[in-house]
$ cat input26.csv   # CSV, C-alpha atoms and all ligand atoms
chain,number,residue,atom,x,y,z
A,23,MET,CA,14.0,-12.3,2.2
A,24,ARG,CA,12.6,-14.3,5.1
A,25,ILE,CA,9.9,-13.6,7.5
A,26,GLY,CA,10.0,-16.3,10.1
A,27,SER,CA,9.5,-19.6,8.2
A,28,LEU,CA,8.3,-17.8,5.1
A,29,THR,CA,10.7,-17.1,2.2
A,30,LEU,CA,9.7,-14.2,-0.1
A,31,THR,CA,10.8,-13.6,-3.6
A,32,SER,CA,11.2,-9.9,-3.0
A,33,ASN,CA,11.4,-7.5,-0.1
A,34,LEU,CA,8.6,-5.3,-1.5
A,35,PHE,CA,5.2,-5.5,0.3
A,36,LEU,CA,1.7,-4.3,-0.5
A,37,SER,CA,0.4,-2.3,2.5
A,38,PRO,CA,-3.2,-2.8,3.5
A,39,LEU,CA,-5.6,-0.1,2.3
A,40,ALA,CA,-9.0,-0.9,3.7
A,41,GLY,CA,-11.5,-0.9,0.8
A,42,TYR,CA,-8.9,-1.1,-1.9
A,43,THR,CA,-6.4,-3.9,-1.4
A,44,ASN,CA,-9.0,-6.6,-2.0
A,45,LEU,CA,-8.5,-9.8,-4.0
A,46,PRO,CA,-8.9,-8.2,-7.5
A,47,PHE,CA,-6.3,-5.5,-6.8
A,48,ARG,CA,-3.9,-8.0,-5.2
A,49,LEU,CA,-4.2,-10.1,-8.3
A,50,VAL,CA,-3.5,-7.1,-10.6
A,51,VAL,CA,-0.4,-6.3,-8.6
A,52,ARG,CA,0.8,-9.9,-8.6
A,53,GLU,CA,0.2,-10.4,-12.3
A,54,ILE,CA,2.5,-7.4,-13.0
A,55,GLY,CA,5.1,-8.8,-10.6
A,56,GLY,CA,7.7,-7.6,-8.1
A,57,VAL,CA,5.7,-7.9,-4.9
A,58,GLY,CA,6.9,-10.3,-2.2
A,59,LEU,CA,3.9,-10.4,0.1
A,60,CYS,CA,0.5,-8.8,0.0
A,61,THR,CA,-1.7,-8.1,3.0
A,62,THR,CA,-5.5,-8.0,3.2
A,63,ASP,CA,-7.5,-5.1,4.5
A,64,LEU,CA,-7.8,-5.2,8.2
A,65,VAL,CA,-10.4,-7.6,9.5
A,66,ASN,CA,-12.0,-7.9,12.9
A,67,ALA,CA,-10.9,-11.0,14.7
A,68,ARG,CA,-14.3,-11.4,16.5
A,69,SER,CA,-16.2,-11.1,13.2
A,70,LEU,CA,-14.2,-13.9,11.7
A,71,LEU,CA,-14.8,-16.1,14.7
A,72,GLU,CA,-18.5,-15.3,14.5
A,73,LYS,CA,-18.3,-16.3,10.8
A,74,ASN,CA,-19.6,-13.0,9.6
A,75,PRO,CA,-19.9,-13.2,5.8
A,76,LYS,CA,-18.5,-9.7,5.3
A,77,ALA,CA,-15.4,-10.7,7.3
A,78,PHE,CA,-15.0,-13.8,5.2
A,79,LYS,CA,-15.3,-11.8,2.0
A,80,LEU,CA,-12.4,-9.6,3.2
A,81,VAL,CA,-10.2,-12.7,3.5
A,82,GLU,CA,-11.3,-14.2,0.2
A,83,THR,CA,-8.3,-15.4,-1.8
A,84,HIS,CA,-7.3,-17.5,-4.7
A,85,PRO,CA,-4.3,-19.9,-5.3
A,86,SER,CA,-2.6,-17.2,-7.4
A,87,ASP,CA,-3.0,-14.7,-4.5
A,88,SER,CA,-0.1,-16.1,-2.7
A,89,PRO,CA,1.8,-15.6,-0.3
A,90,LEU,CA,-0.9,-13.7,1.5
A,91,ALA,CA,-0.9,-12.2,5.0
A,92,ILE,CA,-4.2,-11.4,6.7
A,93,GLN,CA,-4.4,-8.4,8.9
A,94,LEU,CA,-6.3,-8.8,12.1
A,95,PHE,CA,-7.5,-6.2,14.5
A,96,GLY,CA,-8.8,-6.7,18.0
A,97,SER,CA,-7.7,-6.4,21.6
A,98,VAL,CA,-9.1,-9.5,23.2
A,99,PRO,CA,-6.1,-11.9,23.4
A,100,GLU,CA,-8.2,-15.1,23.1
A,101,GLU,CA,-10.1,-13.8,20.1
A,102,MET,CA,-6.9,-12.7,18.4
A,103,ARG,CA,-5.3,-16.1,19.1
A,104,ASP,CA,-8.3,-18.1,17.9
A,105,ALA,CA,-8.7,-16.0,14.8
A,106,ALA,CA,-5.0,-16.5,14.0
A,107,GLN,CA,-5.5,-20.3,14.3
A,108,MET,CA,-8.5,-20.1,12.1
A,109,LEU,CA,-6.5,-18.2,9.4
A,110,GLU,CA,-3.6,-20.6,9.6
A,111,ALA,CA,-6.1,-23.5,9.1
A,112,ARG,CA,-7.4,-21.7,6.0
A,113,GLY,CA,-3.9,-21.4,4.5
A,114,ALA,CA,-2.8,-17.9,5.3
A,115,ALA,CA,0.9,-17.5,4.9
A,116,ALA,CA,1.1,-15.0,7.8
A,117,VAL,CA,-1.0,-13.0,10.2
A,118,ASP,CA,-0.4,-9.3,10.7
A,119,ILE,CA,-1.7,-7.4,13.7
A,120,ASN,CA,-3.0,-3.9,13.2
A,121,MET,CA,-1.4,-1.5,15.7
A,122,GLY,CA,-1.8,1.6,13.6
A,123,CYS,CA,-5.5,2.0,13.1
A,124,PRO,CA,-6.6,5.2,14.9
A,125,VAL,CA,-10.4,4.8,14.3
A,126,ARG,CA,-12.1,5.6,17.6
A,127,LYS,CA,-14.2,2.5,17.5
A,128,VAL,CA,-11.1,0.4,17.2
A,129,CYS,CA,-8.9,2.3,19.7
A,130,ASN,CA,-11.7,2.6,22.4
A,131,VAL,CA,-11.7,-1.1,22.8
A,132,GLY,CA,-7.9,-1.2,23.0
A,133,GLY,CA,-7.1,-2.2,19.4
A,134,GLY,CA,-5.3,-0.4,16.6
A,135,SER,CA,-3.1,2.5,17.7
A,136,ALA,CA,-4.1,2.0,21.3
A,137,MET,CA,-2.0,-1.1,21.3
A,138,MET,CA,1.1,1.2,20.9
A,139,THR,CA,0.4,2.7,24.3
A,140,GLY,CA,0.2,-0.5,26.5
A,141,LEU,CA,3.4,-2.4,25.9
A,142,ASN,CA,3.0,-5.2,28.4
A,143,LYS,CA,-0.5,-5.9,27.5
A,144,THR,CA,0.2,-5.8,23.8
A,145,ALA,CA,3.3,-8.1,24.2
A,146,ALA,CA,1.2,-10.6,26.1
A,147,LEU,CA,-1.5,-10.6,23.4
A,148,VAL,CA,1.2,-11.1,20.7
A,149,ARG,CA,2.9,-13.9,22.7
A,150,GLY,CA,-0.4,-15.8,22.9
A,151,MET,CA,-0.9,-15.6,19.1
A,152,VAL,CA,2.7,-16.5,18.3
A,153,SER,CA,2.6,-19.6,20.5
A,154,ALA,CA,-0.7,-20.7,19.0
A,155,VAL,CA,0.3,-20.8,15.3
A,156,LYS,CA,3.3,-21.9,13.2
A,157,ILE,CA,2.9,-19.2,10.6
A,158,PRO,CA,4.7,-15.9,11.1
A,159,VAL,CA,2.9,-13.3,13.2
A,160,THR,CA,3.8,-9.7,12.2
A,161,ALA,CA,2.8,-6.3,13.5
A,162,LYS,CA,2.1,-3.0,11.7
A,163,MET,CA,2.4,0.3,13.6
A,164,ARG,CA,3.0,4.0,13.3
A,165,LEU,CA,5.9,5.8,15.0
A,166,GLY,CA,3.8,6.6,18.0
A,167,TRP,CA,0.8,8.5,19.1
A,168,ASP,CA,2.4,11.9,18.6
A,169,ASP,CA,5.8,13.6,18.5
A,170,GLN,CA,6.0,13.5,22.3
A,171,ASN,CA,5.2,9.8,22.4
A,172,ILE,CA,7.3,8.0,19.9
A,173,THR,CA,6.8,4.5,21.2
A,174,ALA,CA,7.6,2.4,18.1
A,175,PRO,CA,11.2,1.6,19.1
A,176,ASP,CA,10.2,0.3,22.5
A,177,LEU,CA,7.2,-1.5,21.1
A,178,ALA,CA,9.2,-3.1,18.4
A,179,ARG,CA,11.7,-4.4,20.9
A,180,ALA,CA,9.0,-5.7,23.2
A,181,LEU,CA,7.3,-7.4,20.2
A,182,GLU,CA,10.5,-9.0,19.0
A,183,ASP,CA,10.9,-10.5,22.5
A,184,ALA,CA,7.3,-11.7,22.2
A,185,GLY,CA,8.1,-13.5,19.0
A,186,VAL,CA,6.9,-11.4,16.0
A,187,ALA,CA,8.5,-12.3,12.7
A,188,ALA,CA,8.6,-8.8,11.2
A,189,ILE,CA,7.6,-5.2,12.1
A,190,PHE,CA,6.0,-2.8,9.6
A,191,VAL,CA,6.3,0.8,10.5
A,192,HIS,CA,4.6,3.8,8.8
A,193,GLY,CA,7.0,6.7,9.4
A,194,ARG,CA,4.4,9.1,10.8
A,195,THR,CA,2.7,9.5,14.1
A,196,ARG,CA,-1.0,8.9,14.6
A,197,GLN,CA,-1.4,12.6,15.2
A,198,GLN,CA,0.2,13.4,11.8
A,199,GLY,CA,-2.4,11.5,9.9
A,200,PHE,CA,-1.1,11.7,6.4
A,201,GLY,CA,0.3,15.2,6.7
A,202,GLY,CA,3.9,16.3,6.9
A,203,THR,CA,6.9,14.3,6.0
A,204,VAL,CA,7.6,10.6,6.5
A,205,ASN,CA,10.2,10.5,9.2
A,206,LEU,CA,13.0,8.3,7.9
A,207,MET,CA,15.1,8.8,11.1
A,208,GLY,CA,12.1,7.6,13.0
A,209,ILE,CA,12.0,4.4,11.0
A,210,ARG,CA,15.8,4.1,11.4
A,211,LYS,CA,15.4,4.2,15.2
A,212,VAL,CA,13.0,1.3,15.0
A,213,VAL,CA,15.5,-0.7,12.9
A,214,ALA,CA,18.2,0.2,15.5
A,215,ALA,CA,16.0,-0.9,18.4
A,216,VAL,CA,15.5,-4.5,17.4
A,217,LYS,CA,18.1,-7.2,17.4
A,218,GLN,CA,17.4,-9.1,14.3
A,219,VAL,CA,13.7,-9.1,13.3
A,220,PRO,CA,13.2,-7.5,9.9
A,221,VAL,CA,11.7,-4.0,10.0
A,222,ILE,CA,9.7,-3.0,6.9
A,223,GLY,CA,9.5,0.8,6.3
A,224,ASN,CA,6.4,2.4,5.0
A,225,GLY,CA,5.0,5.7,3.9
A,226,ASP,CA,4.8,7.8,0.7
A,227,ILE,CA,6.8,5.5,-1.5
A,228,ILE,CA,5.6,6.5,-4.9
A,229,THR,CA,8.7,6.0,-7.0
A,230,PRO,CA,11.5,3.5,-7.1
A,231,SER,CA,14.0,6.2,-6.0
A,232,ALA,CA,11.9,6.9,-2.9
A,233,ALA,CA,12.0,3.2,-2.1
A,234,LYS,CA,15.7,3.2,-2.5
A,235,LYS,CA,16.1,6.2,-0.3
A,236,MET,CA,14.1,4.6,2.4
A,237,PHE,CA,16.3,1.5,2.3
A,238,ASP,CA,19.5,3.5,2.3
A,239,GLU,CA,18.6,5.9,5.0
A,240,THR,CA,16.8,3.6,7.4
A,241,GLY,CA,18.5,0.3,7.0
A,242,CYS,CA,15.1,-1.4,6.8
A,243,ALA,CA,14.9,-4.9,5.4
A,244,GLY,CA,12.0,-4.2,3.1
A,245,VAL,CA,9.6,-1.5,2.1
A,246,SER,CA,5.8,-1.6,2.0
A,247,ILE,CA,3.8,0.4,-0.5
A,248,GLY,CA,0.1,1.4,-0.2
A,249,ARG,CA,-1.1,4.4,-2.1
A,250,GLY,CA,1.9,4.3,-4.5
A,251,ALA,CA,0.7,0.9,-5.7
A,252,PHE,CA,-2.8,2.4,-6.3
A,253,TYR,CA,-1.4,5.1,-8.4
A,254,ASN,CA,0.9,2.7,-10.1
A,255,PRO,CA,0.5,-1.1,-9.8
A,256,TRP,CA,3.8,-1.3,-11.8
A,257,ILE,CA,5.7,0.2,-8.9
A,258,PHE,CA,6.9,-3.2,-7.4
A,259,GLN,CA,8.2,-4.4,-10.8
A,260,HIS,CA,9.9,-1.1,-11.5
A,261,THR,CA,11.3,-0.8,-8.0
A,262,LEU,CA,12.7,-4.3,-8.0
A,263,TYR,CA,14.4,-3.5,-11.3
A,264,TYR,CA,15.8,-0.2,-10.1
A,265,LEU,CA,17.1,-1.7,-6.9
A,266,LYS,CA,18.9,-4.5,-8.8
A,267,ASN,CA,20.4,-2.0,-11.2
A,268,THR,CA,21.7,0.7,-8.9
A,269,SER,CA,24.5,0.5,-6.6
A,270,PRO,CA,23.8,1.0,-2.9
A,271,ALA,CA,24.2,4.6,-1.7
A,272,PRO,CA,27.0,5.0,0.8
A,273,ARG,CA,25.6,4.7,4.3
A,274,GLU,CA,25.9,7.9,6.4
A,275,THR,CA,26.9,7.4,10.0
A,276,SER,CA,25.7,10.7,11.4
A,277,GLY,CA,22.0,11.5,11.4
A,278,ALA,CA,22.8,15.2,10.8
A,279,LYS,CA,24.4,14.4,7.4
A,280,GLU,CA,21.5,12.4,6.1
A,281,LYS,CA,19.3,15.0,4.6
A,282,ASN,CA,20.5,15.2,1.1
A,283,LEU,CA,21.4,11.8,-0.1
A,284,ALA,CA,19.9,12.0,-3.6
A,285,ALA,CA,19.2,9.1,-5.9
A,286,PRO,CA,22.5,7.8,-7.5
A,287,ALA,CA,23.5,9.2,-10.8
A,288,ASP,CA,23.6,5.8,-12.6
A,289,VAL,CA,19.8,5.6,-12.4
A,290,LYS,CA,18.3,2.7,-14.4
A,291,LEU,CA,14.6,2.9,-14.6
A,292,LEU,CA,12.1,0.9,-16.6
A,293,PRO,CA,10.1,3.1,-18.9
A,294,GLU,CA,6.8,4.3,-17.6
A,295,PRO,CA,3.9,2.1,-18.7
A,296,SER,CA,2.3,3.3,-21.9
A,297,PHE,CA,-1.3,4.5,-22.1
A,298,ALA,CA,-2.3,1.3,-23.8
A,299,GLU,CA,-0.7,-0.8,-20.9
A,300,ARG,CA,-2.5,1.3,-18.3
A,301,ILE,CA,-5.8,0.7,-20.1
A,302,ARG,CA,-5.1,-3.0,-20.4
A,303,VAL,CA,-4.4,-3.3,-16.7
A,304,MET,CA,-7.4,-1.1,-15.7
A,305,CYS,CA,-9.7,-3.3,-17.8
A,306,ARG,CA,-8.2,-6.4,-16.2
A,307,HIS,CA,-8.8,-4.9,-12.8
A,308,LEU,CA,-12.5,-4.3,-13.6
A,309,ASP,CA,-12.9,-7.8,-15.0
A,310,LEU,CA,-11.5,-9.2,-11.7
A,311,MET,CA,-13.8,-6.9,-9.7
A,312,ILE,CA,-16.7,-8.3,-11.6
A,313,GLU,CA,-15.6,-11.9,-11.1
A,314,VAL,CA,-15.1,-11.4,-7.3
A,315,PHE,CA,-18.0,-9.1,-6.5
A,316,GLY,CA,-20.5,-9.6,-9.3
A,317,GLU,CA,-21.2,-7.1,-12.1
A,318,SER,CA,-23.3,-4.6,-10.3
A,319,LEU,CA,-21.3,-4.3,-7.0
A,320,GLY,CA,-18.0,-4.7,-8.9
A,321,CYS,CA,-18.8,-1.8,-11.2
A,322,ARG,CA,-20.0,0.4,-8.4
A,323,MET,CA,-16.8,-0.3,-6.4
A,324,PHE,CA,-14.8,0.4,-9.5
A,325,ARG,CA,-16.1,3.9,-9.7
A,326,LYS,CA,-13.6,4.9,-7.0
A,327,VAL,CA,-10.8,2.8,-8.4
A,328,ALA,CA,-10.8,3.9,-12.1
A,329,PRO,CA,-9.9,7.6,-11.2
A,330,TRP,CA,-6.6,6.3,-9.7
A,331,TYR,CA,-5.6,4.9,-13.0
A,332,SER,CA,-6.7,8.1,-14.8
A,333,ARG,CA,-4.4,10.3,-12.7
A,334,ARG,CA,-1.6,9.2,-15.0
A,335,PHE,CA,-3.6,9.5,-18.3
A,336,GLY,CA,-3.1,13.3,-18.7
A,337,PRO,CA,-6.3,15.3,-19.0
A,338,CYS,CA,-8.9,13.0,-17.6
A,339,HIS,CA,-11.9,15.0,-16.3
A,340,GLU,CA,-14.0,13.7,-19.2
A,341,PHE,CA,-13.3,10.1,-18.0
A,342,ASN,CA,-13.7,10.8,-14.3
A,343,LYS,CA,-17.0,12.5,-14.5
A,344,ARG,CA,-18.5,9.6,-16.5
A,345,VAL,CA,-16.8,6.6,-14.9
A,346,VAL,CA,-18.4,7.4,-11.5
A,347,GLN,CA,-21.8,6.5,-13.0
A,348,ILE,CA,-21.0,3.0,-14.4
A,349,SER,CA,-23.1,0.0,-13.4
A,350,THR,CA,-22.1,-2.5,-16.0
A,351,ARG,CA,-19.0,-3.6,-17.9
A,352,ALA,CA,-20.6,-2.4,-21.1
A,353,GLU,CA,-21.1,1.1,-19.7
A,354,PHE,CA,-17.5,1.2,-18.6
A,355,HIS,CA,-16.3,0.3,-22.1
A,356,ASN,CA,-18.5,3.0,-23.6
A,357,VAL,CA,-17.0,5.5,-21.2
A,358,LEU,CA,-13.5,4.4,-22.1
A,359,GLU,CA,-14.1,4.4,-25.8
A,360,HIS,CA,-15.5,7.9,-25.6
A,361,TYR,CA,-12.6,9.0,-23.5
A,362,ILE,CA,-10.0,7.6,-25.8
A,363,HIS,CA,-11.5,9.5,-28.7
A,364,TRP,CA,-11.7,12.7,-26.6
A,365,ARG,CA,-8.1,12.4,-25.4
A,366,ARG,CA,-6.8,12.6,-29.0
A,367,GLN,CA,-6.8,16.4,-28.9
A,368,PHE,CA,-4.0,16.3,-26.4
A,369,LEU,CA,-1.7,14.0,-28.5
A,370,ASP,CA,1.1,14.7,-30.9
A,371,ASP,CA,1.5,13.0,-34.3
A,372,GLN,CA,3.1,9.9,-32.7
A,373,GLY,CA,0.1,9.5,-30.4
A,374,GLU,CA,2.0,10.7,-27.3
A,375,LEU,CA,0.7,13.3,-24.9
A,376,LEU,CA,2.0,16.8,-25.8
A,377,PRO,CA,4.5,17.8,-23.1
A,378,ARG,CA,2.2,20.4,-21.5
A,379,PHE,CA,-0.5,17.8,-20.8
A,380,GLN,CA,1.8,15.3,-19.2
A,381,PRO,CA,1.1,14.6,-15.6
A,382,SER,CA,3.5,16.1,-13.0
A,383,PRO,CA,6.3,13.9,-11.7
A,384,MET,CA,5.4,12.1,-8.5
A,385,ILE,CA,7.6,12.9,-5.5
A,386,ALA,CA,7.6,11.5,-2.0
A,387,SER,CA,7.4,13.8,1.0
A,388,PHE,CA,10.9,12.8,2.0
A,389,MET,CA,12.4,13.4,-1.5
A,390,ARG,CA,11.6,17.1,-1.6
A,391,ALA,CA,15.2,18.2,-1.7
A,392,GLU,CA,15.5,16.7,-5.2
A,393,PRO,CA,16.6,19.7,-7.3
A,394,ALA,CA,15.5,18.4,-10.7
A,395,VAL,CA,11.8,18.4,-9.8
A,396,VAL,CA,10.0,21.6,-10.3
A,397,GLN,CA,6.4,20.5,-10.4
A,398,ARG,CA,5.3,17.8,-8.1
A,399,GLU,CA,2.2,16.0,-7.2
A,400,GLN,CA,1.4,15.2,-3.6
A,401,VAL,CA,0.3,11.7,-2.7
A,402,SER,CA,-3.5,11.8,-2.5
A,403,VAL,CA,-5.4,9.9,0.2
A,404,PRO,CA,-8.1,7.7,-1.2
A,405,LYS,CA,-11.7,8.1,0.1
A,406,GLY,CA,-12.3,5.8,3.0
A,407,PRO,CA,-11.5,6.0,6.7
A,408,VAL,CA,-8.7,8.2,5.7
A,409,GLU,CA,-8.4,10.9,8.2
A,410,VAL,CA,-8.0,8.2,10.7
A,411,TRP,CA,-5.2,6.2,9.2
B,501,LIG,C1,-7.7,4.4,2.6
B,501,LIG,C2,-6.7,3.8,3.5
B,501,LIG,C3,-7.0,2.6,4.1
B,501,LIG,C4,-6.0,2.0,5.0
B,501,LIG,N1,-6.3,0.8,5.5
B,501,LIG,C5,-5.3,0.2,6.4
B,501,LIG,C6,-5.6,-1.0,7.0
B,501,LIG,O1,-6.6,-1.7,6.8
B,501,LIG,N2,-4.7,-1.5,7.8
B,501,LIG,C7,-3.5,-0.8,8.1
B,501,LIG,O2,-2.6,-1.3,8.8
B,501,LIG,N3,-3.2,0.3,7.5
B,501,LIG,C8,-4.1,0.9,6.6
B,501,LIG,N4,-3.8,2.1,6.0
B,501,LIG,C9,-2.5,2.6,6.1
B,501,LIG,C10,-1.6,2.1,5.0
B,501,LIG,O3,-1.4,0.7,5.1
B,501,LIG,C11,-0.2,2.8,5.0
B,501,LIG,O4,0.4,2.5,6.2
B,501,LIG,C12,-0.3,4.3,4.8
B,501,LIG,O5,-1.2,4.5,3.7
B,501,LIG,C13,1.1,4.8,4.4
B,501,LIG,O6,1.7,4.2,3.3
B,501,LIG,P1,1.5,4.7,1.8
B,501,LIG,O7,2.0,6.1,1.8
B,501,LIG,O8,2.4,3.8,1.0
B,501,LIG,O9,0.1,4.7,1.4
B,501,LIG,C14,-4.8,2.7,5.2
B,501,LIG,C15,-4.5,3.8,4.5
B,501,LIG,C16,-5.4,4.4,3.7
B,501,LIG,C17,-5.1,5.7,2.9

$ encode --input "input26.csv" --output "structure tokens"
Amino acid sequence: MRIGSLTLTSNLFLSPLAGYTNLPFRLVVREIGGVGLCTTDLVNARSLLEKNPKAFKLVETHPSDSPLAIQLFGSVPEEMRDAAQMLEARGAAAVDINMGCPVRKVCNVGGGSAMMTGLNKTAALVRGMVSAVKIPVTAKMRLGWDDQNITAPDLARALEDAGVAAIFVHGRTRQQGFGGTVNLMGIRKVVAAVKQVPVIGNGDIITPSAAKKMFDETGCAGVSIGRGAFYNPWIFQHTLYYLKNTSPAPRETSGAKEKNLAAPADVKLLPEPSFAERIRVMCRHLDLMIEVFGESLGCRMFRKVAPWYSRRFGPCHEFNKRVVQISTRAEFHNVLEHYIHWRRQFLDDQGELLPRFQPSPMIASFMRAEPAVVQREQVSVPKGPVEVW
């Protein structure tokens, strides 16, 4: 697919997750494959212009971390414009504008979600950025402030007129936080509101069939995955495969009929990654964290990352309680070795988890009508500025 002048190898995107979608994680996802474009955590435009080392660390990249969009937040048009120019000069493939961040500190100065409330002002800011750079400028938003103020369709239209190359929309309102269901009809209204700019749907995609459902029911041009990639960095590869191997679901014309479009019967899924593969990728992730952040900080940061991998290991409390204490690579490997030994009690003769210890199937908020699923795991929200996203 294309985003302005940028041609992408897939229409699957990694959503920014502040504190998590750093260079090591992006490289992990890219090495597995299937992702078309990754985006950095949000970074303050002014901090970049002031050459703040923390801001520069957030935009740190590597030749194999490409194509990369950098997400900016800010509300001062000149700062956003100058930061976009700076990023273009540093080789960014695209600049994304955060219009979804509800952190008070960001909104009080007119950035993040507050941008969804002042269409003219926001469009003028965007226009200034678009005319200052050649790379695509994109915007990421929620559906609106709350159910009474669903502004995304109007905003998307105004932003298209201002020259954005793509619109990312998380199908929840700011007020919803991460609760309730992702509103596919809401995303569809954004798709319908624009003339031709690609709209990328986002929210709760944790399985390939959830991605497909979002495509089929919203008509979006791409989907963006955040927490689902953290659970499962293989999700892009698996989703791409699934989308290529399943026929498109028939498009419904009436909104009222849309509720129960289940995944098609001829489902072709790649097998779930084995335990050994999960361990391999987790170790690679730690090695990259150490390379990018140094052993001490890299290991401390990895304390909150490793438990995301272990969610799919089966019983894992023995791993989780120890991994949150690691300070060195050697300590991590000790924890892992101990855990692998401890986990044997839950395995059958072939070394597979006994059925009663297998993790529950994952299911997106908007897939809950699926009859086959009895047990399901909700999408957790990682520690961080979470209540505010
Ligand atoms: C811990 C955390 C950090 C986030 N950081 C950002 C961010 O920096 N910029 C942004 O636009 N959205 C951010 N988000 C929102 C996600 O990009 C995404 O829109 C949201 O998580 C829904 O998608 P998902 O269900 O695939 O995770 C964050 C979400 C979480 C949970």

$ closest_residue --input "input26.csv" --among "A:Ala136, A:Ala328, A:Ala154, A:Val191" --to "ligand LIG 501 (chain B)" --atoms "all atoms listed in the file"
A:Val191

$ residues_near_ligand --input "input26.csv" --ligand "ligand LIG 501 (chain B)" --cutoff "8 Å" --atoms "all atoms listed in the file" --output "MDAnalysis selection string"
chainID A and resid 37:42 62:65 93 119:123 162:164 191:193 200 224:228 246:251 401 403:408 411

$ atom_distance --input "input26.csv" --atom1 "CA of Gly208 in chain A" --atom2 "CA of Leu165 in chain A"
6.8 Å

$ residues_around --input "input26.csv" --residues "Phe78 in chain A" --least-positions-apart "4" --cutoff "9 Å" --atoms "only C-alpha atoms" --output "list in words"
Val65, Ser69, Leu70, Lys73, Asn74 and Glu82 of chain A

$ residues_around --input "input26.csv" --residues "Leu265 in chain A" --least-positions-apart "6" --cutoff "12 Å" --atoms "all atoms listed in the file" --output "VMD selection string"
chain A and resid 32 to 34 56 229 to 238 244 to 245 257 to 259 271 285 to 286 288 to 292

$ closest_residue --input "input26.csv" --among "A:Gln197, A:Asn342, A:Asn205, A:Thr350" --to "Gly316 in chain A" --atoms "all atoms listed in the file"
A:Thr350
